[in-house]
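Text of the file model-v4.cif, holding mmCIF, C-alpha atoms (C1' of nucleotides):
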```
data_start
loop_
_atom_site.label_atom_id
_atom_site.label_comp_id
_atom_site.auth_asym_id
_atom_site.auth_seq_id
_atom_site.Cartn_x
_atom_site.Cartn_y
_atom_site.Cartn_z
CA MET A 168 101.56 172.63 106.36
CA ALA A 169 101.01 176.19 107.42
CA GLN A 170 103.14 176.27 110.53
CA SER A 171 100.98 178.87 112.26
CA ASN A 172 101.77 180.76 115.41
CA PRO A 173 105.42 179.86 115.17
CA PRO A 174 107.22 180.33 118.46
CA PHE A 175 107.92 183.91 119.38
CA MET A 176 106.90 185.40 116.06
CA SER A 177 103.54 186.95 116.90
CA GLY A 178 103.70 190.70 116.56
CA VAL A 179 107.21 190.55 115.16
CA PRO A 180 106.41 191.36 111.52
CA GLU A 181 104.39 194.38 112.58
CA LEU A 182 107.08 195.64 114.93
CA LEU A 183 109.83 195.33 112.36
CA LEU A 184 107.83 196.96 109.58
CA LEU A 185 106.93 199.92 111.74
CA ARG A 186 110.46 200.23 112.97
CA LEU A 187 111.97 200.22 109.48
CA LEU A 188 109.40 202.58 108.04
CA ASP A 189 109.99 204.95 110.91
CA GLN A 190 113.41 205.57 109.43
CA ARG A 191 112.47 206.01 105.81
CA GLU A 192 109.91 205.18 103.15
CA MET A 193 110.30 201.75 101.66
CA TYR A 194 108.44 199.37 99.37
CA GLY A 195 107.36 195.82 100.09
CA TYR A 196 109.97 193.88 98.23
CA GLU A 197 112.64 196.09 99.73
CA LEU A 198 111.29 195.49 103.23
CA VAL A 199 111.55 191.74 102.76
CA ARG A 200 115.28 192.01 102.10
CA SER A 201 115.76 194.74 104.65
CA ILE A 202 114.36 192.66 107.49
CA ARG A 203 116.93 189.99 106.88
CA ASN A 204 119.64 192.61 106.98
CA VAL A 205 118.67 194.59 110.05
CA THR A 206 118.12 191.42 112.07
CA ASP A 207 121.47 190.06 111.02
CA GLU A 208 119.81 187.14 109.20
CA ALA A 209 118.13 186.06 112.45
CA ILE A 210 114.67 186.77 111.11
CA SER A 211 113.43 186.19 107.59
CA LEU A 212 109.90 187.05 106.54
CA GLY A 213 108.47 186.09 103.17
CA GLU A 214 106.36 188.20 100.87
CA GLY A 215 103.30 186.24 101.92
CA VAL A 216 103.76 187.70 105.39
CA ILE A 217 104.91 191.18 104.48
CA TYR A 218 102.32 192.21 101.91
CA PRO A 219 99.26 191.24 103.96
CA ALA A 220 100.83 192.91 107.00
CA LEU A 221 101.42 196.13 105.07
CA HIS A 222 97.85 196.13 103.80
CA ALA A 223 96.48 195.59 107.29
CA LEU A 224 98.62 198.38 108.71
CA GLU A 225 97.48 200.76 106.01
CA ARG A 226 93.86 199.73 106.48
CA ASN A 227 93.96 200.66 110.12
CA GLY A 228 95.76 203.91 109.52
CA ALA A 229 99.29 203.20 110.72
CA LEU A 230 100.77 203.49 107.23
CA LYS A 231 100.11 205.54 104.13
CA SER A 232 101.21 204.38 100.70
CA ARG A 233 101.97 206.03 97.40
CA ARG A 234 102.67 204.44 94.05
CA LYS A 235 105.89 205.49 92.41
CA PRO A 236 106.98 204.36 88.95
CA VAL A 237 110.63 203.41 88.90
CA GLY A 238 112.17 202.30 85.62
CA GLY A 239 108.93 201.15 84.01
CA ARG A 240 108.03 199.20 87.12
CA THR A 241 105.68 200.47 89.80
CA ARG A 242 106.66 200.38 93.42
CA VAL A 243 104.35 200.99 96.33
CA TYR A 244 106.14 203.00 98.98
CA TYR A 245 104.94 203.01 102.56
CA GLY A 246 105.50 205.57 105.28
CA LEU A 247 104.44 205.94 108.90
CA THR A 248 101.54 208.09 109.99
CA ALA A 249 101.25 209.68 113.41
CA LYS A 250 99.09 206.74 114.41
CA GLY A 251 101.78 204.41 113.17
CA ARG A 252 104.38 206.10 115.31
CA LYS A 253 102.15 205.75 118.35
CA ARG A 254 101.61 202.12 117.50
CA LEU A 255 105.36 201.61 117.20
CA ALA A 256 105.97 203.17 120.59
CA ARG A 257 103.37 200.92 122.17
CA LEU A 258 104.67 197.78 120.50
CA SER A 259 108.27 198.55 121.44
CA GLU A 260 107.20 198.93 125.03
CA ASP A 261 105.27 195.64 124.92
CA TRP A 262 108.27 193.94 123.45
CA ARG A 263 110.61 195.23 126.10
CA ARG A 264 108.27 194.13 128.86
CA ILE A 265 107.95 190.57 127.55
CA GLN A 266 111.61 190.43 126.70
CA SER A 267 112.78 191.41 130.14
CA GLY A 268 110.22 189.11 131.76
CA ILE A 269 111.56 186.14 129.85
CA GLU A 270 115.14 187.14 130.41
CA THR A 271 114.49 187.22 134.15
CA ALA A 272 112.87 183.81 133.99
CA LEU A 273 115.62 182.23 131.91
CA GLU A 274 118.33 183.67 134.11
CA THR A 275 116.91 182.26 137.33
CA PRO A 276 119.73 180.04 138.60
CA VAL A 277 119.19 176.39 137.77
CA ASN A 278 118.58 174.37 140.91
CA ALA A 279 121.18 175.55 143.39
CA SER A 280 120.72 172.15 145.06
CA ALA A 281 122.07 170.13 142.14
CA MET B 96 86.54 189.23 122.99
CA ALA B 97 89.27 186.64 122.94
CA GLN B 98 92.28 188.87 122.46
CA SER B 99 94.20 186.17 120.62
CA ASN B 100 97.70 186.22 119.28
CA PRO B 101 98.58 189.09 121.54
CA PRO B 102 101.82 190.65 120.45
CA PHE B 103 104.90 188.66 121.30
CA MET B 104 103.17 185.95 123.31
CA SER B 105 103.31 183.02 120.91
CA GLY B 106 105.46 180.25 122.31
CA VAL B 107 105.94 182.08 125.58
CA PRO B 108 103.69 179.90 127.77
CA GLU B 109 105.42 176.78 126.53
CA LEU B 110 108.89 178.20 127.11
CA LEU B 111 108.11 179.36 130.63
CA LEU B 112 106.44 176.11 131.63
CA LEU B 113 109.35 174.02 130.40
CA ARG B 114 111.80 176.33 132.04
CA LEU B 115 110.10 176.22 135.43
CA LEU B 116 109.54 172.49 135.35
CA ASP B 117 113.17 171.97 134.47
CA GLN B 118 113.99 173.16 137.97
CA ARG B 119 111.44 171.17 139.92
CA GLU B 120 108.09 169.42 139.76
CA MET B 121 105.15 171.76 140.06
CA TYR B 122 101.37 171.65 139.70
CA GLY B 123 99.21 173.81 137.47
CA TYR B 124 97.84 176.27 139.93
CA GLU B 125 101.32 176.75 141.35
CA LEU B 126 102.74 177.41 137.89
CA VAL B 127 100.21 180.16 137.30
CA ARG B 128 101.47 182.04 140.35
CA SER B 129 105.06 181.12 139.71
CA ILE B 130 105.10 182.62 136.23
CA ARG B 131 104.09 185.98 137.61
CA ASN B 132 106.91 185.76 140.11
CA VAL B 133 109.77 184.63 137.92
CA THR B 134 108.93 187.19 135.26
CA ASP B 135 108.79 189.94 137.84
CA GLU B 136 105.08 190.53 137.12
CA ALA B 137 105.88 191.27 133.48
CA ILE B 138 103.99 188.22 132.27
CA SER B 139 100.79 186.83 133.70
CA LEU B 140 99.15 183.72 132.29
CA GLY B 141 95.69 182.55 133.32
CA GLU B 142 94.59 179.02 134.06
CA GLY B 143 92.84 178.94 130.72
CA VAL B 144 96.26 179.14 129.13
CA ILE B 145 98.25 176.99 131.53
CA TYR B 146 96.09 173.89 131.79
CA PRO B 147 95.60 173.35 128.07
CA ALA B 148 99.31 174.01 127.54
CA LEU B 149 100.26 171.43 130.16
CA HIS B 150 97.93 168.87 128.61
CA ALA B 151 99.35 169.48 125.17
CA LEU B 152 102.92 169.16 126.43
CA GLU B 153 102.11 165.93 128.18
CA ARG B 154 100.30 164.61 125.13
CA ASN B 155 103.34 165.07 122.99
CA GLY B 156 105.70 163.59 125.55
CA ALA B 157 107.52 166.63 126.90
CA LEU B 158 105.99 166.28 130.34
CA LYS B 159 104.90 163.47 132.58
CA SER B 160 102.37 163.94 135.36
CA ARG B 161 101.52 162.21 138.61
CA ARG B 162 98.56 162.82 140.90
CA LYS B 163 99.46 163.55 144.48
CA PRO B 164 96.89 163.99 147.24
CA VAL B 165 97.76 166.92 149.46
CA GLY B 166 95.53 167.67 152.42
CA GLY B 167 92.38 166.10 151.01
CA ARG B 168 92.89 167.89 147.72
CA THR B 169 94.52 166.31 144.69
CA ARG B 170 97.28 168.05 142.87
CA VAL B 171 98.66 167.06 139.49
CA TYR B 172 102.41 167.47 139.47
CA TYR B 173 104.32 167.79 136.21
CA GLY B 174 107.93 167.10 135.46
CA LEU B 175 110.14 167.25 132.38
CA THR B 176 111.00 164.21 130.30
CA ALA B 177 114.15 163.89 128.22
CA LYS B 178 112.08 165.01 125.25
CA GLY B 179 110.93 168.01 127.26
CA ARG B 180 114.49 168.98 128.01
CA LYS B 181 115.36 168.78 124.34
CA ARG B 182 112.32 170.87 123.52
CA LEU B 183 113.37 173.44 126.11
CA ALA B 184 116.86 173.67 124.66
CA ARG B 185 115.44 174.19 121.18
CA LEU B 186 112.92 176.81 122.30
CA SER B 187 115.52 178.72 124.30
CA GLU B 188 117.72 178.84 121.26
CA ASP B 189 114.82 180.04 119.09
CA TRP B 190 114.02 182.70 121.64
CA ARG B 191 117.57 183.95 121.77
CA ARG B 192 117.77 184.12 118.00
CA ILE B 193 114.57 186.15 117.64
CA GLN B 194 115.43 188.27 120.65
CA SER B 195 118.81 189.26 119.38
CA GLY B 196 117.46 189.85 115.89
CA ILE B 197 114.90 192.29 117.20
CA GLU B 198 117.37 193.93 119.50
CA THR B 199 119.66 194.54 116.57
CA ALA B 200 116.80 195.99 114.57
CA LEU B 201 115.56 198.24 117.34
CA GLU B 202 119.04 199.50 118.09
CA THR B 203 119.79 200.53 114.53
CA PRO B 204 120.50 204.25 114.84
CA VAL B 205 117.51 206.37 113.93
CA ASN B 206 118.21 208.25 110.75
CA ALA B 207 121.68 209.67 111.16
CA SER B 208 120.59 212.35 108.69
CA ALA B 209 117.89 213.81 110.93
"C1'" DT C 203 115.60 182.79 74.08
"C1'" DG C 204 114.87 181.57 78.37
"C1'" DT C 205 115.71 182.08 83.09
"C1'" DA C 206 116.64 184.84 87.21
"C1'" DA C 207 115.45 188.74 89.66
"C1'" DT C 208 112.26 192.26 90.69
"C1'" DA C 209 107.69 193.56 92.32
"C1'" DC C 210 103.22 193.01 93.40
"C1'" DC C 211 99.42 190.05 95.18
"C1'" DT C 212 95.75 186.35 97.43
"C1'" DA C 213 93.72 182.05 99.42
"C1'" DT C 214 94.04 178.69 102.80
"C1'" DT C 215 95.54 176.52 106.76
"C1'" DC C 216 95.82 175.84 111.68
"C1'" DA C 217 98.01 176.30 116.10
"C1'" DT C 218 97.32 178.63 120.11
"C1'" DT C 219 96.27 182.37 123.25
"C1'" DC C 220 92.64 184.32 125.71
"C1'" DA C 221 88.23 185.28 128.18
"C1'" DA C 222 84.73 183.29 130.36
"C1'" DG C 223 82.72 179.99 132.11
"C1'" DG C 224 82.21 175.48 135.29
"C1'" DT C 225 83.01 172.04 139.48
"C1'" DA C 226 84.53 170.88 144.11
"C1'" DT C 227 87.16 171.34 148.29
"C1'" DT C 228 89.35 173.81 152.13
"C1'" DG C 229 90.26 177.89 154.99
"C1'" DT C 230 88.60 181.82 157.41
"C1'" DG C 231 86.25 185.33 159.83
"C1'" DA C 232 82.04 187.39 161.26
"C1'" DT D 64 77.12 178.20 160.88
"C1'" DC D 65 77.07 180.88 157.12
"C1'" DA D 66 79.18 182.93 153.48
"C1'" DC D 67 82.97 184.02 150.90
"C1'" DA D 68 87.78 183.75 149.46
"C1'" DA D 69 91.27 180.85 148.06
"C1'" DT D 70 92.81 176.62 146.20
"C1'" DA D 71 92.79 173.34 142.41
"C1'" DC D 72 91.24 171.30 138.52
"C1'" DC D 73 89.01 171.75 133.99
"C1'" DT D 74 86.58 172.99 129.03
"C1'" DT D 75 84.46 175.72 125.38
"C1'" DG D 76 84.52 179.10 121.87
"C1'" DA D 77 86.42 182.89 119.40
"C1'" DA D 78 89.80 185.26 117.16
"C1'" DT D 79 94.15 186.07 115.43
"C1'" DG D 80 97.58 186.34 112.11
"C1'" DA D 81 101.98 183.96 110.51
"C1'" DA D 82 103.25 180.72 107.20
"C1'" DT D 83 103.06 178.04 102.86
"C1'" DA D 84 102.06 177.90 98.40
"C1'" DG D 85 100.46 179.54 94.94
"C1'" DG D 86 99.69 183.45 91.09
"C1'" DT D 87 100.75 187.64 87.59
"C1'" DA D 88 103.79 190.79 85.05
"C1'" DT D 89 107.97 193.25 84.05
"C1'" DT D 90 113.01 193.94 83.52
"C1'" DA D 91 117.85 192.29 83.44
"C1'" DC D 92 121.12 189.25 81.70
"C1'" DA D 93 123.69 185.45 79.87
#
```
Translate the structure described by the file into structure tokens.
Amino acid sequence: MAQSNPPFMSGVPELLLLRLLDQREMYGYELVRSIRNVTDEAISLGEGVIYPALHALERNGALKSRRKPVGGRTRVYYGLTAKGRKRLARLSEDWRRIQSGIETALETPVNASA
Amino acid sequence: MAQSNPPFMSGVPELLLLRLLDQREMYGYELVRSIRNVTDEAISLGEGVIYPALHALERNGALKSRRKPVGGRTRVYYGLTAKGRKRLARLSEDWRRIQSGIETALETPVNASA
DNA sequence: TGTAATACCTATTCATTCAAGGTATTGTGA
DNA sequence: TCACAATACCTTGAATGAATAGGTATTACA
């Protein structure tokens, strides 16, 4: 069963990819492992999520890729474009808005009457 | 255009509804306004999101409803069931996990080398 | 020699958010 | 009293995009 639209995950792969690639060039397989690390194991995204996401981001101009042979194997490295940086800024802002909205809601005192 | 899967919104309507209804019974139209308030205007959900979400939650046993005539008009009030409370606990936990994962990722120092 | 790890990829599923509509009643103010 | 806003419920249709489950090929290693 393809558990789609899993709670709270929409937009997350894109945000994390852009964020990581804003720091340095990386390749897909590396990003998969990296996401587990930088989120302290809280978020784990499979290759079936990462590769399509990378392709979509490149297609719409947020990323540029270059193939780089490393030890007989070929890696595809991705880096941010100016558009990608803008997109990252926008997404970060969106995230913070939602995040603080939910935090406010969850922190509302539970029934002072009880 | 049905701007679907907007960044970071998956699961959010469900979480907010359960959270609000955990405090007191409310009806749909009231919840729409309430969500804007408790999220400090950060999140606004239309009736086209709220009503289907309420129906789905009731269908799967997280909510129970009762019709209550108020001034000639009929309101449908919703309240949490035990299952709904369990669901809320689970969703809150999920949220906190994702939230802290992303926070960790976003806070990672930007390229100490630069 | 065979299995794990690396490294890339695609097809399909499907849940759900959203915009845009619709109905009917009550309140209001001109 | 006429019209319009607000209240209160609802459904349809479209689009998205994350996840699962596959697949290929190479290198490392035991």
Which residues of segment 196-221 of chain A come within 10 Å of segment 173-190 of chain A, and for each one, what is the closest pair of atoms and their distance in Å to one decimal, counting all atoms listed in the file, sorted by chain and residue number, as JSON lines?
```
{"residue": "A:Leu198", "atom": "CA", "partner": "A:Leu184", "partner_atom": "CA", "distance": 7.4}
{"residue": "A:Val199", "atom": "CA", "partner": "A:Leu184", "partner_atom": "CA", "distance": 9.4}
{"residue": "A:Ser201", "atom": "CA", "partner": "A:Leu187", "partner_atom": "CA", "distance": 8.2}
{"residue": "A:Ile202", "atom": "CA", "partner": "A:Leu183", "partner_atom": "CA", "distance": 7.2}
{"residue": "A:Val205", "atom": "CA", "partner": "A:Leu187", "partner_atom": "CA", "distance": 8.8}
{"residue": "A:Thr206", "atom": "CA", "partner": "A:Leu183", "partner_atom": "CA", "distance": 9.2}
{"residue": "A:Ile210", "atom": "CA", "partner": "A:Val179", "partner_atom": "CA", "distance": 9.3}
{"residue": "A:Ser211", "atom": "CA", "partner": "A:Pro180", "partner_atom": "CA", "distance": 9.6}
{"residue": "A:Leu212", "atom": "CA", "partner": "A:Pro180", "partner_atom": "CA", "distance": 7.5}
{"residue": "A:Val216", "atom": "CA", "partner": "A:Pro180", "partner_atom": "CA", "distance": 7.6}
{"residue": "A:Ile217", "atom": "CA", "partner": "A:Pro180", "partner_atom": "CA", "distance": 7.2}
{"residue": "A:Ala220", "atom": "CA", "partner": "A:Glu181", "partner_atom": "CA", "distance": 6.8}
{"residue": "A:Leu221", "atom": "CA", "partner": "A:Leu184", "partner_atom": "CA", "distance": 7.9}
```
Mind fitting chain B onto chain A over all Cα atoms in sequence order and sending the result as a short mmCIF file (atom, residue, chain, number, x, y, z; two decimals) with C-alpha atoms, keeping the file's coordinate frame?
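Final output, saved to selection-v6.cif:
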```cif
data_model
loop_
_atom_site.label_atom_id
_atom_site.label_comp_id
_atom_site.auth_asym_id
_atom_site.auth_seq_id
_atom_site.Cartn_x
_atom_site.Cartn_y
_atom_site.Cartn_z
CA MET B 96 101.68 172.59 106.07
CA ALA B 97 101.21 176.16 107.17
CA GLN B 98 103.52 176.23 110.16
CA SER B 99 101.44 178.88 111.91
CA ASN B 100 102.04 180.61 115.17
CA PRO B 101 105.68 179.68 115.06
CA PRO B 102 107.26 180.22 118.42
CA PHE B 103 107.91 183.82 119.31
CA MET B 104 106.88 185.32 115.99
CA SER B 105 103.54 186.88 116.86
CA GLY B 106 103.69 190.64 116.53
CA VAL B 107 107.21 190.51 115.15
CA PRO B 108 106.40 191.36 111.51
CA GLU B 109 104.39 194.36 112.60
CA LEU B 110 107.10 195.62 114.93
CA LEU B 111 109.85 195.28 112.34
CA LEU B 112 107.83 196.93 109.59
CA LEU B 113 106.95 199.91 111.76
CA ARG B 114 110.49 200.18 112.95
CA LEU B 115 111.99 200.18 109.46
CA LEU B 116 109.42 202.56 108.05
CA ASP B 117 110.04 204.92 110.92
CA GLN B 118 113.46 205.55 109.42
CA ARG B 119 112.48 206.00 105.80
CA GLU B 120 109.90 205.18 103.16
CA MET B 121 110.29 201.74 101.68
CA TYR B 122 108.39 199.39 99.37
CA GLY B 123 107.31 195.84 100.09
CA TYR B 124 109.88 193.89 98.21
CA GLU B 125 112.59 196.08 99.70
CA LEU B 126 111.27 195.48 103.21
CA VAL B 127 111.49 191.74 102.74
CA ARG B 128 115.22 191.99 102.04
CA SER B 129 115.73 194.70 104.60
CA ILE B 130 114.33 192.63 107.45
CA ARG B 131 116.88 189.93 106.82
CA ASN B 132 119.61 192.53 106.92
CA VAL B 133 118.65 194.50 110.00
CA THR B 134 118.08 191.35 112.01
CA ASP B 135 121.43 189.97 110.96
CA GLU B 136 119.75 187.05 109.15
CA ALA B 137 118.09 185.96 112.39
CA ILE B 138 114.63 186.70 111.06
CA SER B 139 113.39 186.16 107.54
CA LEU B 140 109.86 187.04 106.50
CA GLY B 141 108.38 186.07 103.15
CA GLU B 142 106.26 188.20 100.87
CA GLY B 143 103.23 186.23 101.96
CA VAL B 144 103.72 187.73 105.39
CA ILE B 145 104.86 191.22 104.45
CA TYR B 146 102.23 192.25 101.92
CA PRO B 147 99.20 191.29 103.98
CA ALA B 148 100.81 192.93 107.01
CA LEU B 149 101.39 196.16 105.10
CA HIS B 150 97.81 196.17 103.85
CA ALA B 151 96.47 195.61 107.34
CA LEU B 152 98.62 198.40 108.76
CA GLU B 153 97.48 200.78 106.08
CA ARG B 154 93.87 199.77 106.57
CA ASN B 155 93.99 200.69 110.20
CA GLY B 156 95.79 203.96 109.59
CA ALA B 157 99.32 203.23 110.77
CA LEU B 158 100.77 203.52 107.29
CA LYS B 159 100.10 205.55 104.20
CA SER B 160 101.19 204.44 100.75
CA ARG B 161 101.96 206.12 97.45
CA ARG B 162 102.63 204.50 94.09
CA LYS B 163 105.85 205.53 92.45
CA PRO B 164 106.89 204.41 88.97
CA VAL B 165 110.54 203.43 88.89
CA GLY B 166 112.04 202.34 85.60
CA GLY B 167 108.82 201.16 84.00
CA ARG B 168 107.92 199.22 87.12
CA THR B 169 105.60 200.53 89.82
CA ARG B 170 106.60 200.43 93.42
CA VAL B 171 104.31 201.04 96.36
CA TYR B 172 106.12 203.04 99.00
CA TYR B 173 104.93 203.05 102.60
CA GLY B 174 105.53 205.57 105.32
CA LEU B 175 104.48 205.94 108.95
CA THR B 176 101.59 208.11 110.05
CA ALA B 177 101.32 209.69 113.48
CA LYS B 178 99.14 206.75 114.46
CA GLY B 179 101.84 204.41 113.20
CA ARG B 180 104.43 206.10 115.35
CA LYS B 181 102.21 205.74 118.38
CA ARG B 182 101.66 202.10 117.53
CA LEU B 183 105.41 201.59 117.21
CA ALA B 184 106.04 203.15 120.60
CA ARG B 185 103.43 200.91 122.18
CA LEU B 186 104.72 197.75 120.50
CA SER B 187 108.32 198.51 121.43
CA GLU B 188 107.28 198.91 125.01
CA ASP B 189 105.34 195.63 124.92
CA TRP B 190 108.34 193.91 123.42
CA ARG B 191 110.68 195.21 126.06
CA ARG B 192 108.34 194.13 128.83
CA ILE B 193 107.99 190.57 127.53
CA GLN B 194 111.67 190.39 126.67
CA SER B 195 112.84 191.38 130.08
CA GLY B 196 110.29 189.13 131.75
CA ILE B 197 111.58 186.13 129.86
CA GLU B 198 115.17 187.10 130.41
CA THR B 199 114.53 187.22 134.12
CA ALA B 200 112.88 183.83 134.01
CA LEU B 201 115.59 182.20 131.95
CA GLU B 202 118.32 183.62 134.12
CA THR B 203 116.88 182.32 137.36
CA PRO B 204 119.66 180.10 138.72
CA VAL B 205 119.08 176.45 137.96
CA ASN B 206 118.39 174.59 141.16
CA ALA B 207 120.99 175.80 143.61
CA SER B 208 120.51 172.45 145.36
CA ALA B 209 121.77 170.36 142.45
#
```
Which residues of chain A are close to chain C, meaning at most 12 Å apart when you count only C-alpha atoms (C1' of nucleotides), and how do they look as a count of residues only?
34
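Picture a line from atom CA of Lys163 of chain B to atom CA of Arg131 of chain B; it runs 23.9 Å.
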For atom CA of Leu158 of chain B and atom C1' of DA69 of chain D, determine how far apart the two atoms are, in Å to one decimal place.
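Taking atom CA of Leu158 of chain B and atom C1' of DA69 of chain D, their separation equals 27.3 Å.
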If you take only C-alpha atoms (C1' of nucleotides) and a cut-off of 12 Å, which residues of chain D touch chain A, and what are their nearest atom pairs and distances in Å to one decimal, in chain and number order, as a tab-separated table?
```
residue	atom	partner	partner_atom	distance
D:DT79	C1'	A:Asn172	CA	9.3
D:DG80	C1'	A:Ser177	CA	7.7
D:DA81	C1'	A:Ser171	CA	5.5
D:DA82	C1'	A:Ala169	CA	5.1
D:DT83	C1'	A:Ala169	CA	5.3
D:DA84	C1'	A:Gly215	CA	9.1
D:DG85	C1'	A:Gly215	CA	10.1
D:DG86	C1'	A:Gly215	CA	11.8
D:DA88	C1'	A:Arg240	CA	9.6
D:DT89	C1'	A:Arg240	CA	6.7
D:DT90	C1'	A:Arg240	CA	8.1
D:DA91	C1'	A:Gly238	CA	11.7
```
Option closest in space to Leu152 of chain B, from B:Gly179, B:Asn132, B:Glu202, B:Ser195 [counting all atoms listed in the file]:
B:Gly179
In Å, with one decimal, what is the gap from atom CA of Gly196 of chain B to atom CA of Leu247 of chain A?
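Calculated distance between atom CA of Gly196 of chain B and atom CA of Leu247 of chain A is 21.8 Å.
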Which of A:Tyr245, A:Arg191, A:Ala209, A:Lys250 sits closest to Arg191 of chain B [using all atoms listed in the file]:
A:Ala209
